[in-house]
$ cat target_26.cif   # mmCIF, C-alpha atoms and all ligand atoms
data_target
loop_
_atom_site.label_atom_id
_atom_site.label_comp_id
_atom_site.auth_asym_id
_atom_site.auth_seq_id
_atom_site.Cartn_x
_atom_site.Cartn_y
_atom_site.Cartn_z
CA MET A 101 -60.56 73.32 -11.08
CA THR A 102 -62.42 74.53 -8.02
CA ASP A 103 -63.53 72.29 -5.15
CA GLN A 104 -67.08 73.03 -6.17
CA GLN A 105 -66.44 71.75 -9.70
CA ARG A 106 -64.79 68.64 -8.35
CA ASP A 107 -67.72 67.93 -6.00
CA ARG A 108 -70.23 68.51 -8.74
CA TYR A 109 -68.36 66.18 -11.07
CA SER A 110 -68.35 63.35 -8.55
CA LEU A 111 -72.02 63.91 -7.78
CA ILE A 112 -72.96 63.73 -11.46
CA CYS A 113 -70.83 60.61 -11.87
CA GLN A 114 -72.72 58.95 -9.01
CA GLU A 115 -76.10 59.83 -10.52
CA LEU A 116 -75.01 58.48 -13.90
CA ASP A 117 -73.61 55.31 -12.37
CA LYS A 118 -76.96 54.64 -10.77
CA ALA A 119 -78.74 55.20 -14.08
CA LYS A 120 -76.07 53.22 -15.99
CA ALA A 121 -75.58 56.16 -18.33
CA LYS A 122 -72.42 57.71 -19.69
CA LEU A 123 -71.20 61.27 -19.19
CA ILE A 124 -69.96 63.23 -22.17
CA ALA A 125 -68.20 66.29 -20.76
CA VAL A 126 -68.88 69.05 -23.27
CA SER A 127 -65.64 71.04 -23.34
CA LYS A 128 -66.47 73.29 -26.31
CA THR A 129 -64.96 76.80 -25.99
CA HIS A 130 -62.97 75.78 -22.91
CA PRO A 131 -59.17 75.51 -22.95
CA LYS A 132 -57.13 72.32 -23.04
CA GLU A 133 -56.14 72.82 -19.42
CA ALA A 134 -59.76 72.50 -18.35
CA VAL A 135 -60.09 69.24 -20.27
CA GLN A 136 -56.88 67.95 -18.70
CA ALA A 137 -58.22 68.76 -15.22
CA PHE A 138 -61.29 66.56 -15.76
CA TYR A 139 -59.13 63.92 -17.43
CA ASP A 140 -57.07 63.82 -14.26
CA LEU A 141 -60.26 63.02 -12.32
CA GLY A 142 -60.84 60.06 -14.63
CA GLN A 143 -63.11 61.54 -17.30
CA ARG A 144 -62.41 60.12 -20.77
CA ASP A 145 -65.38 61.17 -22.95
CA PHE A 146 -65.40 64.79 -24.11
CA GLY A 147 -67.65 66.63 -26.58
CA GLU A 148 -66.77 69.37 -29.05
CA ASN A 149 -68.91 71.10 -31.68
CA ARG A 150 -66.27 72.67 -33.93
CA VAL A 151 -63.98 70.53 -36.06
CA PRO A 152 -60.82 72.69 -35.72
CA ASP A 153 -61.20 72.76 -31.92
CA LEU A 154 -61.62 69.01 -31.70
CA ILE A 155 -58.56 68.44 -33.88
CA GLU A 156 -56.44 70.89 -31.93
CA LYS A 157 -57.41 69.44 -28.56
CA ALA A 158 -57.04 65.85 -29.73
CA ALA A 159 -53.48 66.61 -30.87
CA ALA A 160 -52.51 68.20 -27.56
CA LEU A 161 -54.25 65.94 -25.03
CA PRO A 162 -53.86 62.26 -24.04
CA ASN A 163 -54.77 59.91 -26.83
CA ASP A 164 -57.04 57.67 -24.80
CA ILE A 165 -59.62 60.46 -24.75
CA ARG A 166 -62.79 59.57 -26.66
CA TRP A 167 -63.84 62.62 -28.66
CA HIS A 168 -67.52 63.09 -29.39
CA PHE A 169 -68.65 65.44 -32.12
CA ILE A 170 -71.92 67.06 -31.05
CA GLY A 171 -74.05 69.45 -33.03
CA HIS A 172 -74.06 70.23 -36.71
CA LEU A 173 -71.31 68.76 -38.88
CA GLN A 174 -70.63 70.18 -42.33
CA ARG A 175 -69.92 67.61 -45.00
CA ASN A 176 -66.73 69.30 -46.15
CA LYS A 177 -65.28 68.90 -42.64
CA VAL A 178 -65.90 65.18 -42.29
CA LYS A 179 -62.59 64.14 -43.82
CA LEU A 180 -60.60 66.17 -41.28
CA LEU A 181 -62.42 64.59 -38.38
CA ILE A 182 -62.67 61.01 -39.43
CA ASP A 183 -59.59 59.53 -37.77
CA LYS A 184 -60.01 61.54 -34.54
CA VAL A 185 -63.63 61.05 -33.62
CA HIS A 186 -65.09 58.33 -31.40
CA LEU A 187 -68.78 59.09 -31.93
CA ILE A 188 -70.58 61.57 -34.18
CA HIS A 189 -73.83 62.58 -32.45
CA GLY A 190 -75.32 64.75 -35.17
CA ILE A 191 -76.16 62.79 -38.31
CA ASP A 192 -79.05 64.91 -39.56
CA SER A 193 -79.22 64.14 -43.28
CA GLU A 194 -78.72 61.31 -45.74
CA ARG A 195 -75.96 63.26 -47.47
CA LEU A 196 -74.01 63.59 -44.23
CA LEU A 197 -74.48 59.92 -43.39
CA LEU A 198 -73.16 58.92 -46.81
CA GLU A 199 -70.21 61.30 -46.62
CA VAL A 200 -69.17 59.89 -43.23
CA ASN A 201 -69.54 56.41 -44.68
CA ARG A 202 -67.39 57.32 -47.69
CA GLN A 203 -64.62 59.02 -45.74
CA ALA A 204 -64.50 56.33 -43.07
CA THR A 205 -64.37 53.60 -45.68
CA ASN A 206 -61.49 55.42 -47.43
CA ALA A 207 -59.68 55.70 -44.11
CA GLY A 208 -60.23 52.03 -43.32
CA ARG A 209 -62.36 52.85 -40.29
CA VAL A 210 -65.81 52.10 -39.03
CA VAL A 211 -67.14 55.20 -37.26
CA ASP A 212 -69.95 55.08 -34.73
CA VAL A 213 -72.74 57.61 -35.31
CA LEU A 214 -76.09 58.67 -33.87
CA LEU A 215 -79.07 59.89 -35.87
CA GLN A 216 -80.12 63.32 -34.62
CA PHE A 217 -83.83 64.02 -34.28
CA HIS A 218 -85.69 67.26 -34.02
CA ILE A 219 -87.80 66.83 -30.90
CA ALA A 220 -87.99 70.41 -29.58
CA LYS A 221 -90.76 72.91 -30.20
CA GLU A 222 -88.19 75.48 -31.26
CA GLU A 223 -87.55 76.00 -34.94
CA SER A 224 -84.31 74.39 -36.00
CA LYS A 225 -82.74 73.57 -39.30
CA TYR A 226 -81.18 70.47 -37.85
CA GLY A 227 -82.53 67.09 -36.91
CA LEU A 228 -84.47 64.38 -38.69
CA THR A 229 -88.12 63.49 -38.39
CA ASN A 230 -89.05 59.88 -37.72
CA GLU A 231 -90.43 59.60 -41.26
CA VAL A 232 -87.29 60.93 -42.96
CA ALA A 233 -85.07 58.68 -40.86
CA MET A 234 -87.13 55.60 -41.77
CA GLN A 235 -86.79 56.49 -45.45
CA ILE A 236 -83.03 56.99 -45.17
CA LEU A 237 -82.65 53.60 -43.51
CA LYS A 238 -84.85 51.93 -46.11
CA ASP A 239 -82.79 53.45 -48.92
CA ASN A 240 -79.46 52.68 -47.22
CA PRO A 241 -79.69 49.37 -45.37
CA PRO A 242 -77.37 49.74 -42.35
CA ALA A 243 -75.59 46.45 -43.08
CA ALA A 244 -74.48 47.86 -46.45
CA LEU A 245 -72.81 50.89 -44.88
CA THR A 246 -69.23 49.69 -44.58
CA GLY A 247 -67.83 52.79 -42.87
CA VAL A 248 -70.47 53.61 -40.27
CA ARG A 249 -72.16 51.84 -37.45
CA ILE A 250 -75.40 53.50 -36.40
CA VAL A 251 -75.47 53.00 -32.64
CA GLY A 252 -78.51 55.05 -31.63
CA VAL A 253 -80.24 58.41 -31.56
CA MET A 254 -79.65 61.92 -30.22
CA GLY A 255 -81.91 64.86 -29.52
CA MET A 256 -82.22 68.16 -27.71
CA ALA A 257 -85.31 69.19 -25.79
CA THR A 258 -86.78 72.67 -25.91
CA PHE A 259 -84.95 75.25 -23.81
CA THR A 260 -87.69 75.83 -21.24
CA ASP A 261 -88.32 75.36 -17.54
CA ASN A 262 -91.48 73.41 -18.28
CA ASP A 263 -90.40 69.96 -17.08
CA GLU A 264 -93.53 68.31 -18.36
CA GLN A 265 -92.83 69.45 -21.90
CA ILE A 266 -89.19 68.40 -21.71
CA GLY A 267 -90.26 65.00 -20.40
CA LEU A 268 -92.67 64.51 -23.29
CA GLU A 269 -89.96 65.41 -25.79
CA PHE A 270 -87.56 62.90 -24.25
CA ASP A 271 -90.36 60.30 -24.32
CA ARG A 272 -90.75 61.00 -28.00
CA LEU A 273 -87.05 60.41 -28.67
CA ARG A 274 -87.20 57.12 -26.76
CA PHE A 275 -90.26 56.14 -28.79
CA ILE A 276 -88.40 56.92 -32.04
CA PHE A 277 -85.42 54.90 -30.80
CA ASN A 278 -87.62 51.88 -30.05
CA HIS A 279 -89.40 52.14 -33.38
CA ILE A 280 -86.17 52.32 -35.40
CA LYS A 281 -84.67 49.53 -33.35
CA SER A 282 -87.59 47.22 -34.00
CA GLU A 283 -87.65 48.02 -37.73
CA PHE A 284 -83.94 47.98 -38.56
CA PHE A 285 -81.77 46.89 -35.65
CA SER A 286 -83.64 44.14 -33.81
CA GLU A 287 -80.72 41.74 -34.43
CA THR A 288 -77.95 44.23 -33.72
CA PRO A 289 -77.19 44.82 -30.03
CA HIS A 290 -74.91 47.79 -30.81
CA PHE A 291 -77.96 49.95 -31.55
CA LYS A 292 -78.50 50.94 -27.92
CA GLU A 293 -77.71 54.61 -27.30
CA ILE A 294 -80.11 57.44 -26.54
CA SER A 295 -78.05 60.62 -26.24
CA MET A 296 -80.26 63.13 -24.43
CA GLY A 297 -79.89 65.50 -21.49
CA MET A 298 -77.73 68.58 -20.95
CA SER A 299 -76.82 70.71 -17.91
CA GLY A 300 -80.36 71.97 -17.44
CA ASP A 301 -82.32 68.79 -18.03
CA TYR A 302 -80.12 65.73 -17.61
CA PRO A 303 -81.93 64.40 -14.47
CA LEU A 304 -85.17 64.34 -16.47
CA ALA A 305 -83.39 62.66 -19.37
CA LEU A 306 -82.11 59.92 -17.05
CA GLU A 307 -85.65 59.30 -15.79
CA ARG A 308 -86.78 58.95 -19.41
CA GLY A 309 -84.17 56.40 -20.44
CA SER A 310 -81.11 58.37 -21.55
CA THR A 311 -77.93 56.30 -21.92
CA MET A 312 -75.66 59.26 -22.57
CA VAL A 313 -75.85 62.83 -21.28
CA ARG A 314 -73.92 65.77 -22.74
CA VAL A 315 -73.10 68.15 -19.91
CA GLY A 316 -71.07 71.33 -20.46
CA SER A 317 -71.65 74.45 -18.41
CA LEU A 318 -72.51 72.59 -15.21
CA LEU A 319 -68.99 71.14 -15.21
CA PHE A 320 -66.85 73.74 -16.96
CA GLY A 321 -68.72 76.93 -16.07
CA HIS A 322 -70.26 79.41 -18.46
CA ARG A 323 -69.02 79.69 -22.03
CA ASN A 324 -67.60 82.87 -23.49
CA TYR A 325 -68.03 82.81 -27.24
C1 LIG B 1 -73.35 72.82 -25.92
C2 LIG B 1 -74.06 71.54 -26.07
C3 LIG B 1 -74.34 70.73 -24.96
C4 LIG B 1 -73.99 71.11 -23.54
O1 LIG B 1 -74.77 72.18 -23.10
P1 LIG B 1 -74.80 72.64 -21.56
O2 LIG B 1 -76.11 73.30 -21.41
O3 LIG B 1 -73.65 73.57 -21.39
O4 LIG B 1 -74.65 71.43 -20.73
C5 LIG B 1 -74.98 69.53 -25.19
N1 LIG B 1 -75.34 69.13 -26.43
C6 LIG B 1 -75.09 69.89 -27.51
C7 LIG B 1 -75.51 69.39 -28.83
C8 LIG B 1 -74.47 71.12 -27.37
O5 LIG B 1 -74.25 71.86 -28.46
#

$ encode --input "target_26.cif" --output "structure tokens"
Amino acid sequence: MTDQQRDRYSLICQELDKAKAKLIAVSKTHPKEAVQAFYDLGQRDFGENRVPDLIEKAAALPNDIRWHFIGHLQRNKVKLLIDKVHLIHGIDSERLLLEVNRQATNAGRVVDVLLQFHIAKEESKYGLTNEVAMQILKDNPPAALTGVRIVGVMGMATFTDNDEQIGLEFDRLRFIFNHIKSEFFSETPHFKEISMGMSGDYPLALERGSTMVRVGSLLFGHRNY
């Protein structure tokens, strides 16, 4: 941990405090020692995007860490993850939602999840549209899902330096959040999270109502895949 990393971490924490948002430190590809260093500064929420990595780190690191699964989750990996994960950010299909529900119910858990939306201009296989999400929720009333608690939405803006476009995409995610909340979760205060904002765009996301930012390279440095 360099002094520069430490300073940046405390600066980001101050910004997030002011915005009443939570920091998910995205530790994917970085070693356990790097996670431990941020843990020692007080960070407890970390994000991983590969199931084996999350499992390995969870086994080796303090057990009060809250592990967030970000990105695409394959259905055949859900079972491995189910007793380790604090929040799954990437529910992007009905089949995945139902598999998480099934495995969590079998494990006697209720797992918090976010519905992931496709808000970017870029082509992507992943992420729901508003229409598809509404249909999924109609077909599977949230109160009947015994193993999952849908606590909000997640999305990624286009990778661009056009701030106006990024802002509009974040506005769209907030609009989707409000719409789904009013239709399905008006009586359930736990539906409150908007996970948006990464290293390059988290200040914009905070302006647009993010409650959770997922910051990786700004904290840990560049990733070597
Ligand atoms: C890698 C990743 C991040 C963090 O990206 P940075 O640009 O390094 O901050 C955030 N969200 C998701 C879904 C990711 O895959």

$ atom_distance --input "target_26.cif" --atom1 "atom CA of A:Ala121" --atom2 "atom CA of A:Ser310"
6.8 Å

$ residues_near_point --input "target_26.cif" --point "(-69.7, 55.3, -40.2)" --cutoff "12 Å" --atoms "only C-alpha atoms" --output "PyMOL selection string"
chain A and resi 178-179+181-183+185-189+191+196-215+242-251

$ atom_distance --input "target_26.cif" --atom1 "atom CA of A:Arg166" --atom2 "atom CA of A:Phe146"
6.4 Å

$ closest_residue --input "target_26.cif" --among "A:Ile170, A:Leu116, A:Ile165, A:Ile280" --to "A:Tyr226" --atoms "only C-alpha atoms"
A:Ile170

$ residues_near_ligand --input "target_26.cif" --ligand "ligand LIG 1 (chain B)" --cutoff "12 Å" --atoms "all atoms listed in the file" --output "MDAnalysis selection string"
chainID A and resid 123:130 146:150 168:173 188:191 214 216:218 226:227 254:260 295:303 312:325

$ closest_residue --input "target_26.cif" --among "A:Lys238, A:Asn278, A:Ala160, A:Ala134" --to "A:Gln105" --atoms "all atoms listed in the file"
A:Ala134

$ residues_around --input "target_26.cif" --residues "stretch 269-276 of chain A" --least-positions-apart "3" --cutoff "7 Å" --atoms "all atoms listed in the file" --output "short mmCIF file (atom, residue, chain, number, x, y, z; two decimals) with C-alpha atoms, in the frame of the given file"
data_model
loop_
_atom_site.label_atom_id
_atom_site.label_comp_id
_atom_site.auth_asym_id
_atom_site.auth_seq_id
_atom_site.Cartn_x
_atom_site.Cartn_y
_atom_site.Cartn_z
CA ILE A 219 -87.80 66.83 -30.90
CA ALA A 220 -87.99 70.41 -29.58
CA ASN A 230 -89.05 59.88 -37.72
CA GLY A 255 -81.91 64.86 -29.52
CA ALA A 257 -85.31 69.19 -25.79
CA GLN A 265 -92.83 69.45 -21.90
CA ILE A 266 -89.19 68.40 -21.71
CA HIS A 279 -89.40 52.14 -33.38
CA ILE A 280 -86.17 52.32 -35.40
CA ALA A 305 -83.39 62.66 -19.37
CA ARG A 308 -86.78 58.95 -19.41
#

$ closest_residue --input "target_26.cif" --among "A:Ser286, A:Ser110, A:Glu264, A:Asn176" --to "A:Arg195" --atoms "only C-alpha atoms"
A:Asn176

$ closest_residue --input "target_26.cif" --among "A:Asp192, A:Gly252, A:Asp117, A:Gly142" --to "A:Thr288" --atoms "only C-alpha atoms"
A:Gly252

$ axis_aligned_box --input "target_26.cif" --around "stretch 260-276 of chain A" --padding-each-side "3 Å" --output "AutoDock Vina command-line options"
--center_x -90.3 --center_y 66.0 --center_z -24.6 --size_x 12.5 --size_y 25.7 --size_z 21.0

$ residues_near_point --input "target_26.cif" --point "(-67.3, 68.7, -8.4)" --cutoff "12 Å" --atoms "all atoms listed in the file" --output "ChimeraX atom specification"
/A:101-114,137-138,141,318-321

$ closest_residue --input "target_26.cif" --among "A:Leu154, A:Leu306, A:Phe277, A:Pro131" --to "A:Ala119" --atoms "all atoms listed in the file"
A:Leu306

$ atom_distance --input "target_26.cif" --atom1 "atom CA of A:Val253" --atom2 "atom CA of A:Asp239"
18.2 Å

$ build_atoms --input "target_26.cif" --residues "stretch 123-134 of chain A" --atoms "all heavy atoms" --output "mmCIF file, keeping the file's coordinate frame"
data_model
loop_
_atom_site.group_PDB
_atom_site.id
_atom_site.type_symbol
_atom_site.label_atom_id
_atom_site.label_comp_id
_atom_site.auth_asym_id
_atom_site.auth_seq_id
_atom_site.Cartn_x
_atom_site.Cartn_y
_atom_site.Cartn_z
ATOM 1 N N LEU A 123 -71.351 59.810 -19.180
ATOM 2 C CA LEU A 123 -71.200 61.270 -19.190
ATOM 3 C C LEU A 123 -70.280 61.698 -20.328
ATOM 4 O O LEU A 123 -69.131 61.261 -20.400
ATOM 5 C CB LEU A 123 -70.608 61.748 -17.861
ATOM 6 C CG LEU A 123 -70.219 63.224 -17.792
ATOM 7 C CD1 LEU A 123 -71.435 64.133 -17.932
ATOM 8 C CD2 LEU A 123 -69.470 63.520 -16.480
ATOM 9 N N ILE A 124 -70.807 62.552 -21.193
ATOM 10 C CA ILE A 124 -69.960 63.230 -22.170
ATOM 11 C C ILE A 124 -69.738 64.641 -21.632
ATOM 12 O O ILE A 124 -70.694 65.424 -21.519
ATOM 13 C CB ILE A 124 -70.638 63.331 -23.565
ATOM 14 C CG1 ILE A 124 -71.321 62.018 -23.973
ATOM 15 C CG2 ILE A 124 -69.636 63.805 -24.613
ATOM 16 C CD1 ILE A 124 -70.455 60.816 -23.978
ATOM 17 N N ALA A 125 -68.505 64.962 -21.282
ATOM 18 C CA ALA A 125 -68.200 66.290 -20.760
ATOM 19 C C ALA A 125 -67.982 67.229 -21.943
ATOM 20 O O ALA A 125 -67.040 67.072 -22.712
ATOM 21 C CB ALA A 125 -66.944 66.230 -19.888
ATOM 22 N N VAL A 126 -68.903 68.174 -22.095
ATOM 23 C CA VAL A 126 -68.880 69.050 -23.270
ATOM 24 C C VAL A 126 -67.922 70.222 -23.024
ATOM 25 O O VAL A 126 -68.228 71.159 -22.295
ATOM 26 C CB VAL A 126 -70.292 69.552 -23.617
ATOM 27 C CG1 VAL A 126 -70.239 70.543 -24.784
ATOM 28 C CG2 VAL A 126 -71.194 68.374 -23.974
ATOM 29 N N SER A 127 -66.743 70.112 -23.620
ATOM 30 C CA SER A 127 -65.640 71.040 -23.340
ATOM 31 C C SER A 127 -65.551 72.171 -24.359
ATOM 32 O O SER A 127 -64.604 72.959 -24.321
ATOM 33 C CB SER A 127 -64.324 70.264 -23.294
ATOM 34 O OG SER A 127 -64.178 69.430 -24.439
ATOM 35 N N LYS A 128 -66.529 72.260 -25.255
ATOM 36 C CA LYS A 128 -66.470 73.290 -26.310
ATOM 37 C C LYS A 128 -66.233 74.679 -25.710
ATOM 38 O O LYS A 128 -66.823 75.003 -24.670
ATOM 39 C CB LYS A 128 -67.752 73.275 -27.135
ATOM 40 C CG LYS A 128 -68.992 73.704 -26.377
ATOM 41 C CD LYS A 128 -70.254 73.474 -27.200
ATOM 42 C CE LYS A 128 -71.467 74.026 -26.474
ATOM 43 N NZ LYS A 128 -72.730 73.542 -27.046
ATOM 44 N N THR A 129 -65.377 75.438 -26.356
ATOM 45 C CA THR A 129 -64.960 76.800 -25.990
ATOM 46 C C THR A 129 -64.024 76.858 -24.782
ATOM 47 O O THR A 129 -63.477 77.908 -24.481
ATOM 48 C CB THR A 129 -66.126 77.786 -25.722
ATOM 49 O OG1 THR A 129 -66.686 77.527 -24.427
ATOM 50 C CG2 THR A 129 -67.203 77.720 -26.788
ATOM 51 N N HIS A 130 -63.832 75.755 -24.090
ATOM 52 C CA HIS A 130 -62.970 75.780 -22.910
ATOM 53 C C HIS A 130 -61.556 75.298 -23.276
ATOM 54 O O HIS A 130 -61.395 74.469 -24.160
ATOM 55 C CB HIS A 130 -63.565 74.924 -21.789
ATOM 56 C CG HIS A 130 -64.855 75.476 -21.273
ATOM 57 N ND1 HIS A 130 -64.919 76.586 -20.473
ATOM 58 C CD2 HIS A 130 -66.135 75.098 -21.499
ATOM 59 C CE1 HIS A 130 -66.188 76.863 -20.210
ATOM 60 N NE2 HIS A 130 -66.948 75.974 -20.815
ATOM 61 N N PRO A 131 -60.555 75.815 -22.579
ATOM 62 C CA PRO A 131 -59.170 75.510 -22.950
ATOM 63 C C PRO A 131 -58.759 74.076 -22.619
ATOM 64 O O PRO A 131 -59.405 73.401 -21.814
ATOM 65 C CB PRO A 131 -58.352 76.520 -22.129
ATOM 66 C CG PRO A 131 -59.218 76.863 -20.974
ATOM 67 C CD PRO A 131 -60.635 76.772 -21.451
ATOM 68 N N LYS A 132 -57.687 73.666 -23.237
ATOM 69 C CA LYS A 132 -57.130 72.320 -23.040
ATOM 70 C C LYS A 132 -56.890 72.016 -21.571
ATOM 71 O O LYS A 132 -57.095 70.898 -21.117
ATOM 72 C CB LYS A 132 -55.787 72.199 -23.776
ATOM 73 C CG LYS A 132 -55.888 72.372 -25.267
ATOM 74 C CD LYS A 132 -54.563 72.017 -25.935
ATOM 75 C CE LYS A 132 -53.691 73.242 -26.179
ATOM 76 N NZ LYS A 132 -54.227 74.165 -27.190
ATOM 77 N N GLU A 133 -56.460 73.033 -20.836
ATOM 78 C CA GLU A 133 -56.140 72.820 -19.420
ATOM 79 C C GLU A 133 -57.379 72.363 -18.647
ATOM 80 O O GLU A 133 -57.282 71.565 -17.710
ATOM 81 C CB GLU A 133 -55.605 74.117 -18.787
ATOM 82 C CG GLU A 133 -54.237 74.555 -19.300
ATOM 83 C CD GLU A 133 -54.253 75.099 -20.736
ATOM 84 O OE1 GLU A 133 -55.334 75.548 -21.213
ATOM 85 O OE2 GLU A 133 -53.201 75.056 -21.403
ATOM 86 N N ALA A 134 -58.522 72.889 -19.023
ATOM 87 C CA ALA A 134 -59.760 72.500 -18.350
ATOM 88 C C ALA A 134 -60.106 71.044 -18.662
ATOM 89 O O ALA A 134 -60.578 70.304 -17.795
ATOM 90 C CB ALA A 134 -60.903 73.431 -18.783
#
